[in-house]
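Student: start20.cif (mmCIF, C-alpha atoms and all ligand atoms) pasted underneath:
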data_protein
#
loop_
_atom_site.label_atom_id
_atom_site.label_comp_id
_atom_site.auth_asym_id
_atom_site.auth_seq_id
_atom_site.Cartn_x
_atom_site.Cartn_y
_atom_site.Cartn_z
CA MET A 1 -20.71 -8.07 -7.74
CA ILE A 2 -19.62 -7.59 -4.13
CA HIS A 3 -18.85 -10.90 -2.42
CA GLY A 4 -16.57 -12.44 0.17
CA PHE A 5 -13.93 -15.16 -0.05
CA ILE A 6 -13.72 -18.40 1.92
CA ASN A 7 -10.95 -18.73 4.49
CA ASP A 8 -10.18 -22.46 4.32
CA ARG A 9 -6.38 -22.40 4.56
CA ALA A 10 -5.60 -19.57 6.97
CA ASN A 11 -5.78 -17.23 3.99
CA CYS A 12 -7.43 -14.14 5.51
CA TRP A 13 -4.30 -12.22 4.37
CA LEU A 14 -5.02 -13.14 0.73
CA ASN A 15 -8.77 -12.47 0.96
CA THR A 16 -7.98 -9.04 2.43
CA LEU A 17 -5.41 -8.19 -0.23
CA ILE A 18 -7.80 -9.17 -3.02
CA GLN A 19 -10.64 -7.02 -1.65
CA VAL A 20 -8.23 -4.07 -1.50
CA LEU A 21 -6.98 -4.63 -5.07
CA LEU A 22 -10.55 -4.99 -6.37
CA SER A 23 -11.36 -1.61 -4.79
CA CYS A 24 -8.61 0.31 -6.60
CA LYS A 25 -9.85 1.68 -9.92
CA LYS A 26 -6.32 2.19 -11.24
CA ILE A 27 -5.45 -1.47 -10.59
CA MET A 28 -8.63 -2.77 -12.18
CA ASN A 29 -8.05 -0.51 -15.20
CA TRP A 30 -4.55 -1.95 -15.48
CA ALA A 31 -5.92 -5.52 -15.28
CA LEU A 32 -8.61 -4.85 -17.90
CA LYS A 33 -6.10 -3.27 -20.23
CA ILE A 34 -3.39 -5.88 -19.94
CA HIS A 35 -5.08 -9.24 -19.34
CA SER A 36 -5.65 -10.17 -22.97
CA CYS A 37 -2.36 -8.91 -24.32
CA ALA A 38 0.26 -9.49 -21.61
CA GLY A 39 3.30 -11.20 -23.07
CA ASP A 40 4.51 -12.25 -19.63
CA LYS A 41 2.86 -15.43 -18.29
CA LEU A 42 2.82 -14.28 -14.68
CA VAL A 43 1.49 -10.80 -15.50
CA SER A 44 -1.25 -12.46 -17.54
CA LEU A 45 -2.10 -14.91 -14.71
CA LEU A 46 -2.35 -12.15 -12.07
CA SER A 47 -4.31 -9.68 -14.20
CA ASN A 48 -6.71 -12.38 -15.43
CA GLU A 49 -7.31 -13.60 -11.91
CA LEU A 50 -8.29 -10.10 -10.73
CA ILE A 51 -10.78 -9.80 -13.59
CA LEU A 52 -12.29 -13.19 -12.74
CA LEU A 53 -12.41 -12.53 -8.98
CA ARG A 54 -14.89 -9.72 -9.53
CA GLU A 55 -17.42 -12.47 -10.21
CA LYS A 56 -16.10 -15.71 -8.67
CA ASN A 57 -15.24 -16.38 -5.04
CA SER A 58 -12.57 -19.07 -5.29
CA TYR A 59 -8.97 -18.77 -6.41
CA SER A 60 -7.39 -20.51 -9.40
CA PRO A 61 -4.74 -23.13 -8.48
CA GLY A 62 -1.99 -21.25 -10.36
CA PHE A 63 -2.80 -18.05 -8.53
CA ILE A 64 -2.83 -19.67 -5.07
CA GLU A 65 0.44 -21.40 -5.90
CA TYR A 66 2.11 -18.10 -6.79
CA MET A 67 0.74 -16.21 -3.77
CA MET A 68 1.56 -19.01 -1.28
CA PHE A 69 5.17 -18.97 -2.42
CA ILE A 70 5.94 -15.76 -0.47
CA ASP A 71 7.20 -17.75 2.47
CA LYS A 72 6.58 -21.47 2.16
CA ASP A 73 7.35 -22.26 5.80
CA SER A 74 5.13 -19.68 7.37
CA ARG A 75 1.45 -20.58 7.74
CA THR A 76 0.33 -17.02 8.29
CA LYS A 77 1.52 -14.33 5.94
CA SER A 78 1.22 -10.59 6.17
CA VAL A 79 -0.86 -8.51 3.79
CA GLU A 80 2.18 -6.29 3.36
CA GLU A 81 4.36 -9.16 2.08
CA ALA A 82 1.53 -10.42 -0.11
CA PHE A 83 1.06 -6.93 -1.52
CA ASP A 84 4.73 -6.64 -2.50
CA HIS A 85 4.67 -10.14 -3.97
CA PHE A 86 1.64 -9.29 -6.11
CA VAL A 87 3.01 -5.91 -7.21
CA ASN A 88 6.37 -7.42 -8.21
CA GLY A 89 4.79 -10.33 -10.09
CA ALA A 90 2.30 -8.06 -11.89
CA LYS A 91 5.03 -5.50 -12.64
CA ILE A 92 2.87 -2.61 -11.44
CA GLU A 93 5.42 -0.84 -9.22
CA GLN A 94 4.89 2.28 -11.32
CA LEU A 95 1.39 2.68 -9.85
CA PHE A 96 2.73 2.77 -6.29
CA ARG A 97 6.31 3.90 -6.31
CA MET A 98 7.15 6.75 -3.98
CA ARG A 99 10.54 8.35 -3.83
CA TYR A 100 12.27 10.01 -0.95
CA LYS A 101 15.14 12.40 -1.17
CA CYS A 102 17.48 12.12 1.78
CA GLU A 103 19.87 15.01 2.19
CA PHE A 104 22.78 15.15 4.64
CA VAL A 105 23.97 18.62 5.56
CA CYS A 106 26.95 19.56 7.72
CA LYS A 107 27.49 23.05 9.05
CA CYS A 108 30.85 23.17 7.21
CA GLY A 109 28.89 23.29 3.98
CA TYR A 110 29.23 19.62 3.03
CA LYS A 111 26.08 18.21 1.39
CA SER A 112 25.17 14.85 -0.08
CA GLU A 113 21.91 13.29 -1.19
CA THR A 114 20.54 9.82 -1.81
CA TYR A 115 17.20 8.57 -3.11
CA ASP A 116 15.04 5.75 -1.77
CA ASN A 117 12.16 4.07 -3.61
CA MET A 118 9.31 2.38 -1.80
CA ASN A 119 5.85 0.96 -2.43
CA ILE A 120 4.58 1.48 1.13
CA LEU A 121 5.22 4.49 3.37
CA ARG A 122 5.68 3.67 7.04
CA ILE A 123 4.57 6.17 9.64
CA PRO A 124 6.69 5.80 12.79
CA LEU A 125 4.88 5.42 16.08
CA GLY A 126 3.45 8.69 17.36
CA GLU A 127 4.08 10.60 14.11
CA THR A 128 1.51 12.22 11.87
CA PHE A 129 1.11 12.17 8.13
CA ASP A 130 2.99 15.46 7.82
CA TYR A 131 6.09 13.67 9.07
CA LEU A 132 6.06 11.58 5.88
CA LEU A 133 6.13 14.62 3.64
CA ASN A 134 9.16 16.13 5.25
CA HIS A 135 11.19 15.58 8.40
CA LYS A 136 14.54 16.60 9.81
CA THR A 137 16.71 14.56 12.16
CA SER A 138 20.23 14.82 13.49
CA ILE A 139 22.38 11.77 12.92
CA ASP A 140 25.82 10.54 13.91
CA PHE A 141 28.00 10.86 10.85
CA ILE A 142 31.62 11.88 10.85
CA CYS A 143 32.14 14.57 8.26
CA SER A 144 35.63 15.21 6.85
CA CYS A 145 35.62 18.53 8.77
CA GLY A 146 35.61 16.54 12.04
CA ASN A 147 32.04 17.37 12.96
CA ASN A 148 30.21 14.21 13.99
CA ILE A 149 26.61 15.39 13.99
CA VAL A 150 25.00 16.24 10.69
CA GLU A 151 21.46 17.18 9.79
CA ARG A 152 19.42 14.73 7.76
CA ASN A 153 16.43 16.02 5.74
CA ASP A 154 14.00 13.49 4.31
CA SER A 155 11.37 14.63 1.85
CA LEU A 156 8.83 12.85 -0.31
CA VAL A 157 9.66 13.90 -3.86
CA GLU A 158 7.71 11.51 -6.05
CA LEU A 159 4.22 10.06 -5.79
CA ASN A 160 2.23 7.91 -8.19
CA ASP A 161 -1.44 7.00 -8.56
CA ILE A 162 -1.75 4.93 -5.40
CA CYS A 163 -0.34 5.81 -2.01
CA VAL A 164 -0.17 3.03 0.63
CA LEU A 165 0.51 3.97 4.23
CA CYS A 166 1.50 1.55 6.96
CA CYS A 167 0.46 3.19 10.21
CA ASN A 168 1.75 0.87 12.95
CA LYS A 169 -1.41 1.12 14.99
CA THR A 170 -0.81 4.74 15.91
CA ASN A 171 -4.54 5.27 16.38
CA LEU A 172 -4.45 8.55 14.48
CA ASN A 173 -7.42 9.89 12.66
CA PHE A 174 -6.76 9.48 9.00
CA PRO A 175 -8.71 11.72 6.67
CA ASN A 176 -10.77 10.44 3.77
CA GLU A 177 -8.83 12.75 1.50
CA LEU A 178 -5.16 13.68 1.38
CA LYS A 179 -4.09 16.79 -0.46
CA LEU A 180 -0.66 16.06 -1.89
CA LYS A 181 1.54 17.51 -4.58
CA ARG A 182 2.66 15.58 -7.60
CA ASP A 183 5.24 17.23 -9.84
CA GLY A 184 4.29 20.51 -8.20
CA THR A 185 0.56 20.12 -8.96
CA PRO A 186 -1.83 19.65 -6.02
CA ILE A 187 -3.72 16.36 -6.29
CA ILE A 188 -6.42 14.89 -4.08
CA TYR A 189 -5.95 11.28 -3.05
CA ARG A 190 -9.08 9.55 -1.72
CA LEU A 191 -9.10 6.69 0.74
CA VAL A 192 -10.31 3.53 -1.00
CA ALA A 193 -9.51 0.83 1.53
CA SER A 194 -7.94 -0.01 4.85
CA VAL A 195 -6.52 -3.23 6.24
CA GLU A 196 -7.31 -4.07 9.84
CA HIS A 197 -5.14 -6.49 11.83
CA VAL A 198 -6.50 -8.01 15.05
CA ASN A 199 -4.88 -10.94 16.89
CA GLY A 200 -3.21 -12.26 13.76
CA HIS A 201 -6.40 -11.95 11.70
CA TYR A 202 -6.75 -9.59 8.74
CA TYR A 203 -9.82 -8.02 7.20
CA ALA A 204 -10.49 -5.02 4.99
CA CYS A 205 -12.75 -1.98 4.90
CA CYS A 206 -13.31 -0.98 1.29
CA ARG A 207 -15.17 1.66 -0.63
CA ARG A 208 -17.01 0.33 -3.66
CA GLU A 209 -18.62 3.05 -5.67
CA GLU A 210 -19.54 5.35 -2.78
CA VAL A 211 -20.41 2.71 -0.18
CA TRP A 212 -18.08 1.40 2.56
CA TYR A 213 -18.05 -2.31 3.39
CA LEU A 214 -16.37 -4.34 6.07
CA MET A 215 -15.00 -7.36 4.21
CA ASN A 216 -14.04 -10.15 6.56
CA ASP A 217 -13.48 -13.40 4.61
CA GLU A 218 -17.00 -14.51 3.57
CA ASN A 219 -18.75 -11.83 5.60
CA ILE A 220 -19.59 -8.54 3.97
CA ILE A 221 -21.19 -5.86 6.11
CA LYS A 222 -22.30 -2.47 4.81
CA LEU A 223 -20.85 0.41 6.86
CA ARG A 224 -22.27 3.88 7.39
CA GLU A 225 -18.80 5.42 6.95
CA PHE A 226 -15.11 4.62 7.30
CA VAL A 227 -13.61 5.07 10.75
CA ASN A 228 -10.02 4.04 11.38
CA THR A 229 -9.38 2.06 14.56
CA ALA A 230 -6.45 1.16 16.79
CA ASN A 231 -6.13 -1.93 14.56
CA THR A 232 -5.83 -0.07 11.27
CA TYR A 233 -2.63 -1.28 9.71
CA LEU A 234 -2.62 -0.18 6.07
CA LEU A 235 -4.44 2.70 4.36
CA ILE A 236 -4.75 2.78 0.61
CA TYR A 237 -5.30 6.12 -1.08
CA GLU A 238 -5.87 6.59 -4.78
CA ASN A 239 -5.42 9.61 -7.02
CA CYS A 240 -9.00 10.41 -7.93
CA GLU A 241 -8.27 12.74 -10.84
CA VAL A 242 -8.97 10.90 -14.06
ZN ZN A 301 31.45 19.00 7.85
#
For the file at hand, write its structure as structure tokens.
Ligand SMILES: [Zn+2]
Tutor:
Amino acid sequence: MIHGFINDRANCWLNTLIQVLLSCKKIMNWALKIHSCAGDKLVSLLSNELILLREKNSYSPGFIEYMMFIDKDSRTKSVEEAFDHFVNGAKIEQLFRMRYKCEFVCKCGYKSETYDNMNILRIPLGETFDYLLNHKTSIDFICSCGNNIVERNDSLVELNDICVLCCNKTNLNFPNELKLKRDGTPIIYRLVASVEHVNGHYYACCRREEVWYLMNDENIIKLREFVNTANTYLLIYENCEV
């Protein structure tokens, strides 16, 4: 059942996050699989709530209490913070985790590498998606040979089932499908949802089955297609291979 959620406590951020989570097949499969057998109280609360929210349009007190705890002093919260809070509580980082290899290379032959894990990939202003896959920069770093400029190569080396991009309002055209490689195998990721952010207000555009909807608190409007805007803030892609 497709339905909206009431915004009675400045909770557009939560309504938006929930619509996005309900649109991801891999997350709903996780919730259906775990909700009756989760040993962890919090994992059980979060997975159960997602199952129930497919049919009901109000949140359980325990769920609201957990989600509100992100930052008690701030009235408005970001979808990004809420997303991390949910993912951590539900222990589903493995669905999202992306890994970057960062390699430092000096012309003397010195090389070192580090790895970074993240749940959301941030596209810097003015950059394209290709930048995220691989980019080179020169950085100030004093090598033992005395050279103080070394090359830094960043490359995306691990992807999981869901790929979340934070696009900083770059107003780029994002495709409905991304062709990426996972463990060397090409995989198609399909866009399932976007989060729009306008004057402090959040709403989502989500694909349910094959239909796009604009989901703005209680209001649900059927869309002809997905078009990203200058206010598109997050894009959620899902591995569509079963
Ligand atoms: Zn050197």
Student: Pick out the residues sitting within 12 Å of segment 148-156 of chain A, and hand them over as JSON, numbers by chain; count only C-alpha atoms, and ignore anything fewer than 6 positions along from it in its own chain.
Tutor: {"A": [97, 98, 99, 100, 101, 102, 103, 104, 105, 106, 107, 108, 109, 110, 111, 112, 113, 114, 115, 116, 117, 118, 121, 129, 130, 131, 132, 133, 134, 135, 136, 137, 138, 139, 140, 141, 142, 163, 180, 181, 182, 183, 184]}
Student: Of the candidates A:Val43, A:Cys143, A:Ala31, A:Leu235, which shows the shortest atom-to-atom distance to ligand ZN 301 (chain A), using only C-alpha atoms and all ligand atoms?
Tutor: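 Smallest separation from ligand ZN 301 (chain A) among the options: A:Cys143.
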Student: Quick one: residues within 8 Å of Ser47 of chain A, only C-alpha atoms, excluding same-chain residues fewer than 3 positions away - as a list in words?
Tutor: Trp30, Ala31, Leu32, Ile34, His35, Val43, Ser44, Leu50, Ile51 and Ala90 of chain A
Student: Take the residues that were just selected and, keeping C-alpha atoms, output them as an mmCIF file, keeping the file's coordinate frame.
Tutor:
data_model
loop_
_atom_site.group_PDB
_atom_site.id
_atom_site.type_symbol
_atom_site.label_atom_id
_atom_site.label_comp_id
_atom_site.auth_asym_id
_atom_site.auth_seq_id
_atom_site.Cartn_x
_atom_site.Cartn_y
_atom_site.Cartn_z
ATOM 1 C CA TRP A 30 -4.550 -1.950 -15.480
ATOM 2 C CA ALA A 31 -5.920 -5.520 -15.280
ATOM 3 C CA LEU A 32 -8.610 -4.850 -17.900
ATOM 4 C CA ILE A 34 -3.390 -5.880 -19.940
ATOM 5 C CA HIS A 35 -5.080 -9.240 -19.340
ATOM 6 C CA VAL A 43 1.490 -10.800 -15.500
ATOM 7 C CA SER A 44 -1.250 -12.460 -17.540
ATOM 8 C CA LEU A 50 -8.290 -10.100 -10.730
ATOM 9 C CA ILE A 51 -10.780 -9.800 -13.590
ATOM 10 C CA ALA A 90 2.300 -8.060 -11.890
#
Student: Excluding segment 190-192 of chain A and its own-chain neighbours fewer than 6 positions away, which residues fall within 6 Å of it when counting all atoms listed in the file? Please give them as a PyMOL selection string.
Tutor: chain A and resi 176-177+206-207+236-238
Student: Can you list, as a PyMOL selection string, every protein, DNA or RNA residue that comes within 12 Å of Val195 of chain A when you count all atoms listed in the file, leaving out same-chain residues fewer than 2 positions away?
Tutor: chain A and resi 12-21+78-80+83+164-169+191-193+197-198+201-206+213-216+226-237
Student: Please enclose the listed atoms of segment 38-52 of chain A in an axis-aligned box, pad each side by 4 Å, and write out the centre and the three edge lengths in Å, rounded to one decimal, as JSON.
Tutor:
{"center_x": -3.9, "center_y": -12.5, "center_z": -16.9, "size_x": 24.8, "size_y": 13.9, "size_z": 20.3}
Student: Show me, as number ranges by chain, the residues that have an atom within 12 Å of Leu42 of chain A when counting only C-alpha atoms, minus same-chain residues fewer than 4 positions from it.
Tutor: A: 34-35, 38, 46-49, 62-63, 65-67, 85-91
Student: For ligand ZN 301 (chain A), which residue out of A:Ile187, A:Leu125, A:Cys145, A:Val157 is the nearest one, using only C-alpha atoms and all ligand atoms?
Tutor: A:Cys145
Student: What is the distance between atom CA of Ser58 of chain A and atom CA of Arg9 of chain A, in Å to one decimal?
Tutor: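 Answer for the atom CA of Ser58 of chain A to atom CA of Arg9 of chain A separation: 12.1 Å.
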Student: Counting only C-alpha atoms, which residue out of A:Ile123, A:Asn219, A:Arg224, A:Lys25 sits closest to Asn7 of chain A?
Tutor: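 Among the listed residues, the smallest separation from Asn7 of chain A belongs to A:Asn219.
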Student: Taking all atoms listed in the file into account, name the residue in A:Asn11, A:Asn57, A:Ser36, A:Asn147 that is nearest to ligand ZN 301 (chain A).
Tutor: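 Counting all atoms listed in the file, the residue closest to ligand ZN 301 (chain A) is A:Asn147.
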Student: Which of these residues is nearest to Asp161 of chain A, using all atoms listed in the file: A:Met1, A:Met68, A:Cys37, A:Ile27?
Tutor: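 Counting all atoms listed in the file, the residue closest to Asp161 of chain A is A:Ile27.
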Student: Suppose you want the space between atom CA of Glu55 of chain A and atom CA of His3 of chain A; what is it in Å?
Tutor: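 The value is 8.1 Å.
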